[in-house]
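Participant: So I've got this file, query-v3.csv, and it contains CSV, C-alpha atoms and all ligand atoms:
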```
chain,number,residue,atom,x,y,z
A,1,MET,CA,26.0,-40.5,18.0
A,2,ASN,CA,28.2,-43.5,17.3
A,3,LYS,CA,28.1,-44.9,13.7
A,4,ILE,CA,26.8,-48.4,13.3
A,5,GLU,CA,28.4,-50.5,10.6
A,6,ASN,CA,26.0,-52.5,8.4
A,7,ILE,CA,27.2,-55.7,6.9
A,8,ALA,CA,25.5,-58.5,4.8
A,9,TRP,CA,26.6,-62.1,4.5
A,10,CYS,CA,25.3,-65.2,2.7
A,11,LEU,CA,25.9,-68.4,4.7
A,12,PRO,CA,23.7,-71.1,3.1
A,13,ARG,CA,25.5,-74.2,4.5
A,14,PRO,CA,24.6,-75.9,7.8
A,15,ARG,CA,27.3,-77.2,10.1
A,16,LYS,CA,27.9,-81.0,10.1
A,17,CYS,CA,26.2,-81.5,13.5
A,18,LYS,CA,22.9,-79.9,12.2
A,19,TYR,CA,21.8,-79.0,15.7
A,20,PRO,CA,18.3,-77.4,15.5
A,21,GLY,CA,18.7,-73.6,15.4
A,22,GLY,CA,22.5,-74.0,15.3
A,23,PHE,CA,24.7,-71.3,13.7
A,24,PRO,CA,25.3,-71.8,10.0
A,25,LEU,CA,28.8,-73.0,8.9
A,26,HIS,CA,31.5,-70.4,9.5
A,27,ALA,CA,29.1,-67.9,11.3
A,28,GLU,CA,30.9,-68.2,14.6
A,29,LEU,CA,34.4,-67.7,13.2
A,30,LYS,CA,33.3,-64.7,11.1
A,31,LEU,CA,31.6,-63.1,14.1
A,32,LEU,CA,34.7,-63.6,16.2
A,33,ARG,CA,36.7,-61.9,13.5
A,34,GLU,CA,34.2,-59.0,13.4
A,35,CYS,CA,35.0,-58.5,17.1
A,36,GLY,CA,38.8,-58.4,16.4
A,37,ILE,CA,39.3,-61.8,18.0
A,38,ASP,CA,41.7,-64.2,16.4
A,39,PRO,CA,40.0,-67.7,16.6
A,40,LYS,CA,43.4,-69.4,16.6
A,41,GLN,CA,44.1,-67.9,20.0
A,42,ILE,CA,41.0,-69.2,21.6
A,43,LEU,CA,41.3,-71.9,24.1
A,44,TRP,CA,40.6,-70.1,27.3
A,45,HIS,CA,41.9,-66.7,26.3
A,46,PRO,CA,40.3,-64.5,25.1
A,47,LYS,CA,37.3,-65.7,27.1
A,48,ILE,CA,34.1,-66.4,25.2
A,49,LEU,CA,30.8,-67.4,26.7
A,50,HIS,CA,27.6,-68.9,25.1
A,51,PRO,CA,24.8,-68.7,27.7
A,52,PHE,CA,22.5,-70.6,25.2
A,53,GLY,CA,25.3,-72.9,24.2
A,54,GLY,CA,23.8,-75.7,22.1
A,55,MET,CA,26.6,-77.1,20.0
A,56,ALA,CA,28.6,-73.8,19.7
A,57,GLU,CA,32.3,-74.5,18.8
A,58,TYR,CA,34.3,-71.7,20.4
A,59,GLY,CA,34.3,-70.9,24.1
A,60,ILE,CA,32.4,-72.0,27.1
A,61,ARG,CA,28.9,-73.4,26.6
A,62,ILE,CA,26.1,-73.1,29.2
A,63,ASP,CA,22.9,-74.9,28.4
A,64,MET,CA,19.8,-76.4,30.2
A,65,LYS,CA,19.8,-79.4,27.9
A,66,ARG,CA,22.1,-82.2,29.2
A,67,GLU,CA,22.1,-83.9,25.8
A,68,VAL,CA,24.4,-81.2,24.3
A,69,LYS,CA,26.9,-81.9,27.1
A,70,PRO,CA,27.4,-78.3,28.1
A,71,ASP,CA,30.5,-77.1,30.0
A,72,ILE,CA,28.2,-75.7,32.6
A,73,PHE,CA,24.6,-76.9,33.1
A,74,ALA,CA,22.8,-73.7,34.1
A,75,ASP,CA,20.1,-71.1,33.2
A,76,ALA,CA,21.1,-68.2,30.9
A,77,HIS,CA,18.9,-66.0,33.1
A,78,ASN,CA,21.0,-66.7,36.2
A,79,LEU,CA,24.6,-67.3,35.2
A,80,PRO,CA,26.8,-69.0,37.8
A,81,VAL,CA,29.7,-66.7,36.7
A,82,LYS,CA,31.5,-63.8,38.4
A,83,ASN,CA,31.1,-60.2,37.1
A,84,GLU,CA,33.3,-59.0,34.1
A,85,MET,CA,34.9,-62.3,33.3
A,86,PHE,CA,34.4,-62.5,29.5
A,87,ASP,CA,35.8,-60.8,26.4
A,88,ALA,CA,32.7,-61.8,24.3
A,89,VAL,CA,29.3,-63.2,25.0
A,90,PHE,CA,27.2,-64.8,22.3
A,91,LEU,CA,23.4,-64.9,22.8
A,92,ASP,CA,21.6,-67.3,20.5
A,93,PRO,CA,18.4,-68.0,22.4
A,94,PRO,CA,15.3,-69.9,21.1
A,95,TYR,CA,13.6,-67.2,19.2
A,96,ASN,CA,10.3,-67.3,21.2
A,97,ASN,CA,8.7,-69.4,24.0
A,98,ASP,CA,7.0,-71.7,21.5
A,99,TYR,CA,10.4,-72.6,20.0
A,100,SER,CA,11.9,-73.0,23.4
A,101,LYS,CA,9.2,-75.6,24.3
A,102,SER,CA,8.9,-77.4,21.0
A,103,LEU,CA,12.6,-77.5,19.9
A,104,TYR,CA,14.5,-77.8,23.2
A,105,ASN,CA,11.8,-78.5,25.9
A,106,THR,CA,13.2,-75.5,27.8
A,107,GLY,CA,11.2,-72.8,29.6
A,108,LYS,CA,10.1,-69.3,29.1
A,109,LEU,CA,12.5,-66.6,28.1
A,110,ASN,CA,13.0,-63.1,29.6
A,111,PHE,CA,15.0,-60.9,27.1
A,112,LYS,CA,15.7,-58.2,29.7
A,113,LYS,CA,16.9,-60.7,32.3
A,114,TYR,CA,19.2,-62.7,30.1
A,115,THR,CA,20.7,-59.7,28.4
A,116,GLN,CA,21.4,-58.1,31.8
A,117,GLU,CA,23.2,-61.2,32.9
A,118,ALA,CA,25.2,-61.2,29.7
A,119,VAL,CA,26.3,-57.6,30.3
A,120,ARG,CA,27.1,-58.3,33.9
A,121,VAL,CA,29.6,-61.1,33.0
A,122,LEU,CA,31.2,-59.1,30.1
A,123,LYS,CA,34.4,-57.1,30.7
A,124,GLU,CA,34.2,-53.4,30.1
A,125,GLY,CA,35.0,-53.0,26.3
A,126,GLY,CA,33.9,-56.6,25.7
A,127,TYR,CA,31.4,-57.7,22.9
A,128,LEU,CA,27.8,-58.8,23.2
A,129,ILE,CA,26.7,-60.6,20.1
A,130,ILE,CA,22.9,-61.2,19.7
A,131,TYR,CA,21.8,-63.6,17.0
A,132,HIS,CA,18.1,-63.5,16.3
A,133,PHE,CA,15.4,-63.5,13.6
A,134,VAL,CA,14.1,-60.1,14.6
A,135,ALA,CA,15.8,-56.8,15.3
A,136,THR,CA,16.5,-56.7,19.0
A,137,PRO,CA,16.6,-53.4,21.0
A,138,GLN,CA,19.5,-51.5,22.5
A,139,ILE,CA,21.0,-53.1,25.5
A,140,PRO,CA,21.6,-50.9,28.6
A,141,GLY,CA,25.2,-50.5,29.5
A,142,THR,CA,26.3,-51.1,25.9
A,143,ILE,CA,26.5,-49.4,22.5
A,144,MET,CA,25.6,-51.1,19.2
A,145,ILE,CA,28.5,-51.0,16.8
A,146,LYS,CA,27.6,-53.4,14.0
A,147,ARG,CA,24.5,-54.9,12.4
A,148,ILE,CA,24.9,-58.0,10.3
A,149,PHE,CA,22.2,-59.4,8.0
A,150,ILE,CA,22.6,-63.1,7.1
A,151,GLU,CA,20.9,-64.8,4.2
A,152,THR,CA,20.8,-68.5,5.1
A,153,ARG,CA,19.3,-71.4,3.1
A,154,PRO,CA,16.6,-70.9,0.5
A,155,TRP,CA,13.1,-70.7,2.2
A,156,HIS,CA,14.8,-70.1,5.6
A,157,ARG,CA,14.4,-66.9,7.5
A,158,PRO,CA,17.3,-64.5,7.4
A,159,ARG,CA,19.0,-63.6,10.7
A,160,ILE,CA,19.8,-60.3,12.2
A,161,ILE,CA,22.9,-60.0,14.4
A,162,HIS,CA,23.7,-57.0,16.6
A,163,ILE,CA,27.2,-56.6,18.0
A,164,HIS,CA,27.3,-54.4,21.1
A,165,LYS,CA,30.3,-53.1,23.0
A,166,LYS,CA,30.1,-52.8,26.7
A,167,SER,CA,30.7,-49.2,27.7
A,168,LYS,CA,29.0,-47.7,30.7
A,169,HIS,CA,30.4,-44.3,29.8
A,170,GLU,CA,29.2,-44.3,26.2
A,171,TRP,CA,25.8,-45.6,27.2
A,172,LYS,CA,25.4,-42.7,29.6
A,173,ILE,CA,26.4,-40.2,26.9
A,174,LYS,CA,24.0,-41.7,24.5
A,175,GLN,CA,21.1,-41.4,27.0
A,176,GLN,CA,22.0,-37.8,27.6
A,177,GLU,CA,22.0,-37.1,23.8
A,178,ILE,CA,18.5,-38.8,23.5
A,179,GLU,CA,17.2,-36.7,26.3
A,180,GLN,CA,18.5,-33.5,24.6
A,181,VAL,CA,16.9,-34.5,21.3
A,182,LYS,CA,13.6,-35.1,23.1
A,183,LEU,CA,13.8,-31.7,24.8
A,184,ARG,CA,14.6,-29.9,21.6
A,185,ARG,CA,11.5,-31.6,19.9
A,186,LYS,CA,9.3,-30.5,22.8
A,187,ASN,CA,10.5,-26.9,22.5
A,188,VAL,CA,9.9,-26.6,18.8
A,201,LIG,C1,19.3,-71.7,19.2
A,201,LIG,S1,20.0,-72.9,20.2
A,201,LIG,C2,21.7,-72.4,20.3
A,201,LIG,C3,22.4,-73.1,19.1
A,201,LIG,C4,24.0,-72.8,19.2
A,201,LIG,N1,24.2,-71.4,18.9
A,201,LIG,C5,24.6,-73.6,18.1
A,201,LIG,O1,25.2,-73.1,17.2
A,201,LIG,O2,24.6,-74.9,18.3
A,201,LIG,C6,19.4,-72.4,21.8
A,201,LIG,C7,20.0,-73.3,23.0
A,201,LIG,O3,19.6,-72.7,24.2
A,201,LIG,C8,19.2,-73.7,25.1
A,201,LIG,N2,18.4,-73.0,26.1
A,201,LIG,C9,17.1,-72.7,26.1
A,201,LIG,N3,16.7,-72.0,27.2
A,201,LIG,C10,17.8,-71.9,28.0
A,201,LIG,C11,18.1,-71.3,29.2
A,201,LIG,N4,17.1,-70.6,29.9
A,201,LIG,N5,19.3,-71.3,29.7
A,201,LIG,C12,20.3,-71.9,29.0
A,201,LIG,N6,20.1,-72.6,27.8
A,201,LIG,C13,18.9,-72.5,27.3
A,201,LIG,C14,18.6,-74.8,24.3
A,201,LIG,O4,18.7,-76.0,25.0
A,201,LIG,C15,19.4,-74.7,23.0
A,201,LIG,O5,20.5,-75.6,23.1
```
What is this structure when it is put down as structure tokens?

Facilitator:
Amino acid sequence: MNKIENIAWCLPRPRKCKYPGGFPLHAELKLLRECGIDPKQILWHPKILHPFGGMAEYGIRIDMKREVKPDIFADAHNLPVKNEMFDAVFLDPPYNNDYSKSLYNTGKLNFKKYTQEAVRVLKEGGYLIIYHFVATPQIPGTIMIKRIFIETRPWHRPRIIHIHKKSKHEWKIKQQEIEQVKLRRKNV
């Protein structure tokens, strides 16, 4: 089984734009560094995508809200992007359907669908970063490599970030290992 690195940060300051649900100050840069990406090199290469773009600062922003002036106006569940184009995909969705409606006036979310799309557009070996306020499950076609816990402002919920690496091969091996463990338990 692969080892997952556990990390904790405290990022109590908001960014200047104060976009609702936006990343705290420095979060994006620190996450890129965790993926081994030098932020100074980012313009179009390495390629970074934000399917729930909001006011993200690094990479291409997709969003369904015209007010944030996205690079591409589209739905994260159906990305108008070719397969295996990106080195890193950040998923920072509304945390549930109520937030989607009340904060952004956007529609219902389907975790399986938007994560599948994110994996589709990621290059093999690329990074999928999921930013949420709950622990999200394993994503088919990837392996989880890091968990990051963020304390934000006082009285605000902490965030849980999972960094996954796209690897069809390692995903397959992991599934085989899980099957073997299940079989052993059955036979005990
Ligand atoms: C939590 S915010 C992202 C904030 C961003 N990380 C930042 O730092 O500014 C979620 C964004 O997803 C957008 N959104 C909601 N549903 C969407 C969908 N189905 N497809 C694309 N964007 C969507 C919202 O308009 C909102 O801008």

Participant: Set the distance at 10 Å and use only C-alpha atoms: which residues neighbour range 19-24 of chain A once local chain neighbours fewer than 2 positions away are removed? I'd like the list as a list in words.

Facilitator: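 Final neighbour list, sorted by chain and number: Cys10, Leu11, Pro12, Arg13, Pro14, Arg15, Lys16, Cys17, His26, Ala27, Glu28, Gly53, Gly54, Met55, Ala56, Glu57, Val68, Asp92, Pro93, Pro94, Tyr95, Tyr99, Leu103, Tyr104, Tyr131, Ile150, Thr152 and Arg153 of chain A.
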
Participant: How many Å lie between CA of Val89 in chain A and CA of Ile178 in chain A, rounded to one decimal?

Facilitator: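 A separation of 26.7 Å between them.
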
Participant: If you measure from atom O3 of ligand LIG 201 (chain A) to CA of Asn6 in chain A, what distance in Å do you get, rounded to one decimal?

Facilitator: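 Straight-line distance from atom O3 of ligand LIG 201 (chain A) to CA of Asn6 in chain A works out to 26.4 Å.
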
Participant: Residues at most 12 Å from Gly59 in chain A, counting all atoms listed in the file, excluding those fewer than 5 positions away in the same chain, as a ChimeraX atom specification?

Facilitator: /A:28-29,32,39-54,70-72,86-90

Participant: A:Ile173, A:Leu31, A:Ile7, A:Leu109: which is nearest ligand LIG 201 (chain A), counting only C-alpha atoms and all ligand atoms?

Facilitator: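 Nearest to ligand LIG 201 (chain A): A:Leu109.
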
Participant: For Asn2 in chain A, please output as a PDB file with C-alpha atoms, in the coordinates of the input all residues within 12 Å (counting only C-alpha atoms; exclusion window: fewer than 6 positions along the same chain).

Facilitator:
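Writing the result to selection_33.pdb gives the following:
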```pdb
ATOM      1  CA  THR A 142      26.300 -51.100  25.900  1.00  0.00           C
ATOM      2  CA  ILE A 143      26.500 -49.400  22.500  1.00  0.00           C
ATOM      3  CA  MET A 144      25.600 -51.100  19.200  1.00  0.00           C
ATOM      4  CA  ILE A 145      28.500 -51.000  16.800  1.00  0.00           C
ATOM      5  CA  LYS A 146      27.600 -53.400  14.000  1.00  0.00           C
ATOM      6  CA  HIS A 164      27.300 -54.400  21.100  1.00  0.00           C
ATOM      7  CA  LYS A 165      30.300 -53.100  23.000  1.00  0.00           C
ATOM      8  CA  GLU A 170      29.200 -44.300  26.200  1.00  0.00           C
ATOM      9  CA  TRP A 171      25.800 -45.600  27.200  1.00  0.00           C
ATOM     10  CA  ILE A 173      26.400 -40.200  26.900  1.00  0.00           C
ATOM     11  CA  LYS A 174      24.000 -41.700  24.500  1.00  0.00           C
ATOM     12  CA  GLU A 177      22.000 -37.100  23.800  1.00  0.00           C
TER      13      GLU A 177
END
```

Participant: Find, counting only C-alpha atoms, the residue in A:Val81, A:Ala74, A:Leu183, A:Ile163 that gets nearest to Cys35 in chain A.

Facilitator: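 For Cys35 in chain A, the nearest of the given residues is A:Ile163.
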
Participant: With distances taken over all atoms listed in the file, which residue among A:Lys186, A:Glu124, A:His132, A:Val181 lies nearest Lys166 in chain A?

Facilitator: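 Using all atoms listed in the file, Lys166 in chain A sits closest to A:Glu124.
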
Participant: Of the residues A:Ala8, A:Glu34, A:Tyr114, A:Asn83, which is the one nearest to ligand LIG 201 (chain A), using all atoms listed in the file?

Facilitator: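 Looking only at the distances to ligand LIG 201 (chain A), the closest residue turns out to be A:Tyr114.
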
Participant: For Ile60 in chain A, which of A:Glu151, A:Met85, A:His77, A:Trp9 is the closest residue, counting only C-alpha atoms?

Facilitator: A:Met85

Participant: Skipping near chain neighbours, those fewer than 6 positions away, what residues fall within 12 Å of Lys168 in chain A using all atoms listed in the file, listed as a count of residues only?

Facilitator: 14

Participant: Quick one, how far is CA of His162 in chain A from CA of Lys108 in chain A?

Facilitator: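 So the answer is 22.2 Å.
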
Participant: May I have the protein, DNA and RNA residues with an atom at most 12 Å from (13.3, -56.1, 11.9), counting only C-alpha atoms in the file's coordinates, returned as a short mmCIF file (atom, residue, chain, number, x, y, z; two decimals) with C-alpha atoms, in the frame of the given file?

Facilitator:
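Okay, this is what ended up in result.cif:
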```
data_model
loop_
_atom_site.label_atom_id
_atom_site.label_comp_id
_atom_site.auth_asym_id
_atom_site.auth_seq_id
_atom_site.Cartn_x
_atom_site.Cartn_y
_atom_site.Cartn_z
CA HIS A 132 18.10 -63.50 16.30
CA PHE A 133 15.40 -63.50 13.60
CA VAL A 134 14.10 -60.10 14.60
CA ALA A 135 15.80 -56.80 15.30
CA THR A 136 16.50 -56.70 19.00
CA PRO A 137 16.60 -53.40 21.00
CA ARG A 147 24.50 -54.90 12.40
CA ILE A 148 24.90 -58.00 10.30
CA PHE A 149 22.20 -59.40 8.00
CA ARG A 157 14.40 -66.90 7.50
CA PRO A 158 17.30 -64.50 7.40
CA ARG A 159 19.00 -63.60 10.70
CA ILE A 160 19.80 -60.30 12.20
CA ILE A 161 22.90 -60.00 14.40
CA HIS A 162 23.70 -57.00 16.60
#
```

Participant: Ranking A:Asp98, A:Asp75, A:Asp38, A:Glu5 by minimum distance to ligand LIG 201 (chain A) and counting only C-alpha atoms and all ligand atoms, which one comes first?

Facilitator: A:Asp75
